[in-house]
Structures are given as C-alpha cells and as structure tokens.
file data36.cif (mmCIF, C-alpha atoms; chains and numbers go by the auth columns)
data_final
loop_
_atom_site.group_PDB
_atom_site.id
_atom_site.type_symbol
_atom_site.label_atom_id
_atom_site.label_comp_id
_atom_site.label_asym_id
_atom_site.label_seq_id
_atom_site.Cartn_x
_atom_site.Cartn_y
_atom_site.Cartn_z
_atom_site.B_iso_or_equiv
_atom_site.auth_seq_id
_atom_site.auth_asym_id
ATOM 1 C CA MET A 1 -77.908 -97.815 -56.730 0.00 1 A
ATOM 2 C CA ASN A 2 -81.172 -95.954 -56.973 0.00 2 A
ATOM 3 C CA ARG A 3 -82.044 -92.818 -58.917 0.00 3 A
ATOM 4 C CA THR A 4 -81.611 -90.395 -56.025 0.00 4 A
ATOM 5 C CA LYS A 5 -77.911 -91.212 -55.872 0.00 5 A
ATOM 6 C CA TYR A 6 -77.560 -90.433 -59.578 0.00 6 A
ATOM 7 C CA LEU A 7 -79.528 -87.236 -59.123 0.00 7 A
ATOM 8 C CA LEU A 8 -77.344 -86.283 -56.157 0.00 8 A
ATOM 9 C CA SER A 9 -74.204 -86.503 -58.273 0.00 9 A
ATOM 10 C CA VAL A 10 -75.812 -84.489 -61.099 0.00 10 A
ATOM 11 C CA LEU A 11 -77.078 -81.933 -58.600 0.00 11 A
ATOM 12 C CA SER A 12 -73.593 -81.500 -57.102 0.00 12 A
ATOM 13 C CA GLY A 13 -72.144 -80.852 -60.575 0.00 13 A
ATOM 14 C CA VAL A 14 -74.842 -78.322 -61.423 0.00 14 A
ATOM 15 C CA LEU A 15 -74.401 -76.626 -58.058 0.00 15 A
ATOM 16 C CA ALA A 16 -70.632 -76.340 -58.563 0.00 16 A
ATOM 17 C CA TYR A 17 -71.160 -74.884 -62.058 0.00 17 A
ATOM 18 C CA VAL A 18 -73.736 -72.346 -60.864 0.00 18 A
ATOM 19 C CA LEU A 19 -71.604 -71.220 -57.919 0.00 19 A
ATOM 20 C CA LEU A 20 -68.541 -70.789 -60.146 0.00 20 A
ATOM 21 C CA SER A 21 -70.533 -68.908 -62.784 0.00 21 A
ATOM 22 C CA LEU A 22 -72.045 -66.549 -60.216 0.00 22 A
ATOM 23 C CA SER A 23 -68.781 -65.868 -58.393 0.00 23 A
ATOM 24 C CA VAL A 24 -66.001 -65.828 -61.011 0.00 24 A
ATOM 25 C CA GLY A 25 -67.664 -66.542 -64.372 0.00 25 A
ATOM 26 C CA GLN A 26 -68.061 -64.251 -67.363 0.00 26 A
ATOM 27 C CA ASN A 27 -71.450 -62.947 -66.200 0.00 27 A
ATOM 28 C CA SER A 28 -70.612 -62.999 -62.500 0.00 28 A
ATOM 29 C CA LEU A 29 -71.522 -60.459 -59.887 0.00 29 A
ATOM 30 C CA ARG A 30 -67.845 -59.462 -59.556 0.00 30 A
ATOM 31 C CA CYS A 31 -67.598 -58.644 -63.273 0.00 31 A
ATOM 32 C CA TYR A 32 -70.850 -56.670 -63.070 0.00 32 A
ATOM 33 C CA LYS A 33 -69.459 -54.633 -60.169 0.00 33 A
ATOM 34 C CA ASN A 34 -66.208 -53.892 -62.065 0.00 34 A
ATOM 35 C CA LEU A 35 -68.166 -52.795 -65.135 0.00 35 A
ATOM 36 C CA GLN A 36 -70.339 -50.492 -63.004 0.00 36 A
ATOM 37 C CA GLU A 37 -67.195 -48.869 -61.537 0.00 37 A
ATOM 38 C CA GLN A 38 -65.770 -48.336 -65.029 0.00 38 A
ATOM 39 C CA LYS A 39 -69.063 -46.835 -66.159 0.00 39 A
ATOM 40 C CA GLN A 40 -69.020 -44.349 -63.267 0.00 40 A
ATOM 41 C CA LEU A 41 -65.423 -43.331 -64.065 0.00 41 A
ATOM 42 C CA ILE A 42 -66.310 -42.790 -67.709 0.00 42 A
ATOM 43 C CA SER A 43 -69.325 -40.694 -66.705 0.00 43 A
ATOM 44 C CA LEU A 44 -67.163 -38.511 -64.436 0.00 44 A
ATOM 45 C CA ARG A 45 -64.554 -38.038 -67.171 0.00 45 A
ATOM 46 C CA THR A 46 -67.270 -37.152 -69.665 0.00 46 A
ATOM 47 C CA VAL A 47 -68.612 -34.426 -67.378 0.00 47 A
ATOM 48 C CA GLU A 48 -65.085 -33.045 -66.851 0.00 48 A
ATOM 49 C CA ILE A 49 -64.427 -32.949 -70.597 0.00 49 A
ATOM 50 C CA GLN A 50 -67.779 -31.254 -71.244 0.00 50 A
ATOM 51 C CA ASN A 51 -66.882 -28.559 -68.673 0.00 51 A
ATOM 52 C CA ILE A 52 -63.492 -28.008 -70.329 0.00 52 A
ATOM 53 C CA ASN A 53 -65.184 -27.834 -73.726 0.00 53 A
ATOM 54 C CA SER A 54 -67.686 -25.207 -72.542 0.00 54 A
ATOM 55 C CA GLU A 55 -64.864 -23.086 -71.012 0.00 55 A
ATOM 56 C CA LEU A 56 -62.848 -23.253 -74.246 0.00 56 A
ATOM 57 C CA THR A 57 -65.914 -22.444 -76.342 0.00 57 A
ATOM 58 C CA LEU A 58 -66.602 -19.403 -74.170 0.00 58 A
ATOM 59 C CA GLU A 59 -62.978 -18.258 -74.440 0.00 59 A
ATOM 60 C CA HIS A 60 -62.998 -18.817 -78.201 0.00 60 A
ATOM 61 C CA SER A 61 -66.125 -16.733 -78.700 0.00 61 A
ATOM 62 C CA ALA A 62 -64.655 -13.991 -76.440 0.00 62 A
ATOM 63 C CA LEU A 63 -61.467 -13.940 -78.537 0.00 63 A
ATOM 64 C CA GLN A 64 -63.506 -13.582 -81.699 0.00 64 A
ATOM 65 C CA ASN A 65 -65.961 -10.915 -80.550 0.00 65 A
ATOM 66 C CA ASP A 66 -64.754 -8.981 -77.448 0.00 66 A
ATOM 67 C CA LYS A 67 -62.241 -6.228 -78.314 0.00 67 A
ATOM 68 C CA ASP A 68 -61.011 -5.889 -74.710 0.00 68 A
ATOM 69 C CA VAL A 69 -60.143 -9.581 -74.535 0.00 69 A
ATOM 70 C CA ILE A 70 -58.370 -9.380 -77.894 0.00 70 A
ATOM 71 C CA ALA A 71 -56.370 -6.362 -76.664 0.00 71 A
ATOM 72 C CA ALA A 72 -55.398 -8.172 -73.442 0.00 72 A
ATOM 73 C CA TYR A 73 -54.129 -11.196 -75.382 0.00 73 A
ATOM 74 C CA ALA A 74 -52.274 -8.910 -77.795 0.00 74 A
ATOM 75 C CA ARG A 75 -50.501 -7.214 -74.865 0.00 75 A
ATOM 76 C CA LYS A 76 -49.443 -10.624 -73.573 0.00 76 A
ATOM 77 C CA LEU A 77 -47.825 -11.196 -76.971 0.00 77 A
ATOM 78 C CA ASP A 78 -45.989 -7.803 -76.753 0.00 78 A
ATOM 79 C CA TYR A 79 -48.207 -5.921 -79.197 0.00 79 A
ATOM 80 C CA VAL A 80 -48.981 -2.297 -78.529 0.00 80 A
ATOM 81 C CA GLY A 81 -51.968 -0.214 -79.463 0.00 81 A
ATOM 82 C CA GLU A 82 -52.083 3.267 -80.966 0.00 82 A
ATOM 83 C CA GLY A 83 -50.656 5.844 -78.622 0.00 83 A
ATOM 84 C CA GLU A 84 -49.049 3.243 -76.340 0.00 84 A
ATOM 85 C CA GLN A 85 -45.364 2.859 -75.769 0.00 85 A
ATOM 86 C CA LEU A 86 -43.590 -0.394 -75.041 0.00 86 A
ATOM 87 C CA VAL A 87 -41.218 -0.516 -72.091 0.00 87 A
ATOM 88 C CA LYS A 88 -39.109 -3.652 -71.663 0.00 88 A
ATOM 89 C CA ILE A 89 -37.650 -4.463 -68.271 0.00 89 A
ATOM 90 C CA ASN A 90 -34.739 -6.873 -68.127 0.00 90 A
ATOM 91 C CA GLY A 91 -34.515 -9.569 -65.459 0.00 91 A
ATOM 92 C CA LEU A 92 -38.200 -10.438 -65.262 0.00 92 A
ATOM 93 C CA LYS A 93 -39.515 -13.826 -66.193 0.00 93 A
ATOM 94 C CA PRO A 94 -41.268 -14.007 -69.545 0.00 94 A
ATOM 95 C CA ALA A 95 -45.036 -14.154 -69.540 0.00 95 A
ATOM 96 C CA GLN A 96 -46.391 -17.633 -68.809 0.00 96 A
ATOM 97 C CA ASN A 97 -48.409 -19.218 -71.554 0.00 97 A
ATOM 98 C CA THR A 98 -51.812 -20.437 -70.469 0.00 98 A
ATOM 99 C CA LEU A 99 -51.905 -24.212 -70.220 0.00 99 A
ATOM 100 C CA TYR A 100 -55.298 -25.711 -70.714 0.00 100 A
ATOM 101 C CA ASP A 101 -56.463 -28.684 -68.687 0.00 101 A
ATOM 102 C CA ILE A 102 -57.369 -31.367 -71.197 0.00 102 A
ATOM 103 C CA GLY A 103 -58.566 -33.930 -68.660 0.00 103 A
ATOM 104 C CA LYS A 104 -57.016 -37.185 -67.523 0.00 104 A
ATOM 105 C CA VAL A 105 -56.341 -40.213 -69.660 0.00 105 A
ATOM 106 C CA LEU A 106 -58.631 -43.071 -68.778 0.00 106 A
ATOM 107 C CA ARG A 107 -57.212 -46.495 -69.556 0.00 107 A
ATOM 108 C CA TYR A 108 -59.343 -49.563 -70.086 0.00 108 A
ATOM 109 C CA THR A 109 -58.827 -52.150 -67.366 0.00 109 A
ATOM 110 C CA GLU A 110 -59.234 -55.762 -68.395 0.00 110 A
ATOM 111 C CA ILE A 111 -61.735 -57.719 -66.319 0.00 111 A
ATOM 112 C CA THR A 112 -60.568 -61.227 -65.464 0.00 112 A
ATOM 113 C CA PHE A 113 -62.979 -64.129 -65.268 0.00 113 A
ATOM 114 C CA LEU A 114 -63.221 -67.887 -65.784 0.00 114 A
ATOM 115 C CA SER A 115 -64.652 -68.871 -69.129 0.00 115 A
ATOM 116 C CA GLU A 116 -67.920 -70.775 -69.295 0.00 116 A
ATOM 117 C CA LYS A 117 -66.078 -73.781 -70.699 0.00 117 A
ATOM 118 C CA ILE A 118 -63.857 -74.026 -67.621 0.00 118 A
ATOM 119 C CA CYS A 119 -66.842 -73.573 -65.271 0.00 119 A
ATOM 120 C CA LYS A 120 -68.658 -76.413 -67.061 0.00 120 A
ATOM 121 C CA ILE A 121 -65.611 -78.679 -66.915 0.00 121 A
ATOM 122 C CA ILE A 122 -65.242 -78.080 -63.178 0.00 122 A
ATOM 123 C CA GLY A 123 -68.972 -78.750 -62.672 0.00 123 A
ATOM 124 C CA LEU A 124 -68.685 -82.010 -64.631 0.00 124 A
ATOM 125 C CA PHE A 125 -65.640 -82.949 -62.539 0.00 125 A
ATOM 126 C CA PHE A 126 -67.641 -82.429 -59.336 0.00 126 A
ATOM 127 C CA ALA A 127 -70.487 -84.575 -60.709 0.00 127 A
ATOM 128 C CA VAL A 128 -68.124 -87.427 -61.617 0.00 128 A
ATOM 129 C CA MET A 129 -66.299 -87.221 -58.287 0.00 129 A
ATOM 130 C CA THR A 130 -69.576 -87.287 -56.347 0.00 130 A
ATOM 131 C CA PHE A 131 -70.753 -90.267 -58.391 0.00 131 A
ATOM 132 C CA ALA A 132 -67.453 -92.071 -57.727 0.00 132 A
ATOM 133 C CA VAL A 133 -67.662 -91.423 -53.979 0.00 133 A
ATOM 134 C CA ILE A 134 -71.260 -92.704 -53.844 0.00 134 A
ATOM 135 C CA LEU A 135 -70.305 -95.769 -55.909 0.00 135 A
ATOM 136 C CA LEU A 136 -67.335 -96.580 -53.668 0.00 136 A
ATOM 137 C CA TYR A 137 -69.490 -96.154 -50.578 0.00 137 A
ATOM 138 C CA ASP A 138 -72.102 -98.561 -51.949 0.00 138 A
ATOM 139 C CA LEU A 139 -69.421 -101.087 -52.866 0.00 139 A
ATOM 140 C CA SER A 140 -67.927 -100.950 -49.393 0.00 140 A
ATOM 141 C CA LYS A 141 -71.333 -101.430 -47.716 0.00 141 A
ATOM 142 C CA GLY A 142 -72.274 -104.315 -49.999 0.00 142 A
ATOM 143 C CA ASN A 143 -75.180 -102.563 -51.667 0.00 143 A
ATOM 144 C CA ILE A 144 -73.657 -103.387 -55.053 0.00 144 A
ATOM 145 C CA ARG A 145 -72.326 -106.863 -55.774 0.00 145 A
ATOM 146 C CA THR A 146 -69.514 -107.446 -58.204 0.00 146 A
ATOM 147 C CA GLY A 147 -68.591 -110.688 -59.931 0.00 147 A
ATOM 148 C CA LYS A 148 -70.175 -113.913 -58.615 0.00 148 A
ATOM 149 C CA LYS A 149 -73.419 -113.991 -56.777 0.00 149 A
ATOM 150 C CA GLN A 150 -73.015 -114.813 -53.150 0.00 150 A
ATOM 151 C CA ASN A 151 -75.264 -117.372 -51.537 0.00 151 A
ATOM 152 C CA VAL A 152 -77.932 -115.940 -49.348 0.00 152 A
ATOM 153 C CA MET A 153 -78.020 -117.410 -45.848 0.00 153 A
ATOM 154 C CA VAL A 154 -81.285 -117.674 -43.972 0.00 154 A
ATOM 155 C CA ALA A 155 -80.893 -118.754 -40.333 0.00 155 A
ATOM 156 C CA GLY A 156 -77.566 -120.402 -41.173 0.00 156 A
ATOM 157 C CA ILE A 157 -79.008 -122.417 -44.075 0.00 157 A
ATOM 158 C CA PRO A 158 -77.740 -121.498 -47.583 0.00 158 A
ATOM 159 C CA VAL A 159 -80.428 -120.675 -50.112 0.00 159 A
ATOM 160 C CA TYR A 160 -79.583 -121.483 -53.718 0.00 160 A
ATOM 161 C CA GLU A 161 -81.261 -120.102 -56.778 0.00 161 A
ATOM 162 C CA VAL A 162 -81.811 -122.900 -59.227 0.00 162 A
ATOM 163 C CA LYS A 163 -83.257 -122.302 -62.656 0.00 163 A
ATOM 164 C CA GLN A 164 -86.611 -123.932 -63.294 0.00 164 A
ATOM 165 C CA ILE A 165 -86.832 -126.326 -66.242 0.00 165 A
#
call {"tool": "encode", "arguments": {"input": "data36.cif", "output": "structure tokens"}}
result
Amino acid sequence: MNRTKYLLSVLSGVLAYVLLSLSVGQNSLRCYKNLQEQKQLISLRTVEIQNINSELTLEHSALQNDKDVIAAYARKLDYVGEGEQLVKINGLKPAQNTLYDIGKVLRYTEITFLSEKICKIIGLFFAVMTFAVILLYDLSKGNIRTGKKQNVMVAGIPVYEVKQI
C-alpha cells in the first residue's frame, strides 16, 4: 500500500471533521447566525427600553416642575383646589390608573451544537473506516500478500527465491 492511500484515509477524516465543524460545530455558521439573531433582538429591546426611559424621565420632570400637570394628577386622585367643589357621581367607573409599558421579557435561548470532541471522534472514525475499506480492497485484489509467499510463475515455470550462501 503506497503513501497516497494512507493520505487518502487521513484526508477523508480531516474532511469529515471540517464539514462537521462548519455545519454543526461550536463555531459553525449556524451558531453564528443564531447569535446574530439574538444580538438583533437585544438591540431592538434596548431601543424600546431607552424610549420608555425617556418618556418616564420626561413625565417625572413634568410632575416635579409643571404646576398644571401636578394639578391634573391631583384631580385624578380626587383632590380639589381652592375655590373648587367636588361633585361625586355614583355609577361611573373609577378612574383608570395609568399602566406603564415596561417592555417585553427577553429570554436567553440555548444554542445547540456538537462539541469539538465529538466532531474529532467522528472525523477519526471516517479516517479509520476509509483506511479499512482501502486495505480490504487491496487484500481482495492481491496487492497485499498475507502469510506465506506465493511462488511467482513466469510462462508457466515457477520461480523460486533461494537465499545465496
């Protein structure tokens, strides 16, 4: 068996390992795509939360400084100002409290992949299997002899190898 057959089996193992690593391994293209999608979702949520924060900051500063806004909130809580009279009407729904949008909960999604160890084991398995197939092929074709040497026949006459003394 010559070197190219050995190299072919090693090459098949390396090729299997590389293909597995690129398709379903830890640093695969699929994992990269999933991480990019998660990054985009996080960026969108961050922008939403920043918008909510700016609205609440604006409302907070208005409640601290603007007397008209303070008076409007006080009226919602049934307070009256000087010279005003309170009239209660039965049968109406109570005033709705303002509910603030706090954003959506973003859960971490686990990314599944084959570990490097498993990819290497599968690559080694492919190399060994390719070597075994090549070895069996050579044995069946007679390229590799096992056991006793067979006599070589030249034009029907056996040729024997005899050691020189």
call {"tool": "closest_residue", "arguments": {"input": "data36.cif", "among": "A:Leu20, A:Val47, A:Ile89, A:Val10", "to": "A:Ser115", "atoms": "all atoms listed in the file"}}
result
A:Leu20
call {"tool": "atom_distance", "arguments": {"input": "data36.cif", "atom1": "atom CA of A:Val69", "atom2": "atom CA of A:Glu55"}}
result
14.7 Å
call {"tool": "residues_near_point", "arguments": {"input": "data36.cif", "point": "(-66.0, -71.8, -62.0)", "cutoff": "12 Å", "atoms": "all atoms listed in the file", "output": "ChimeraX atom specification"}}
result
/A:13-28,113-126
call {"tool": "atom_distance", "arguments": {"input": "data36.cif", "atom1": "atom CA of A:Leu44", "atom2": "atom CA of A:Leu56"}}
result
18.6 Å
call {"tool": "residues_around", "arguments": {"input": "data36.cif", "residues": "stretch 33-35 of chain A", "least_positions_apart": "4", "cutoff": "8 Å", "atoms": "all atoms listed in the file", "output": "list in words"}}
result
Leu29, Lys39 and Ile111 of chain A
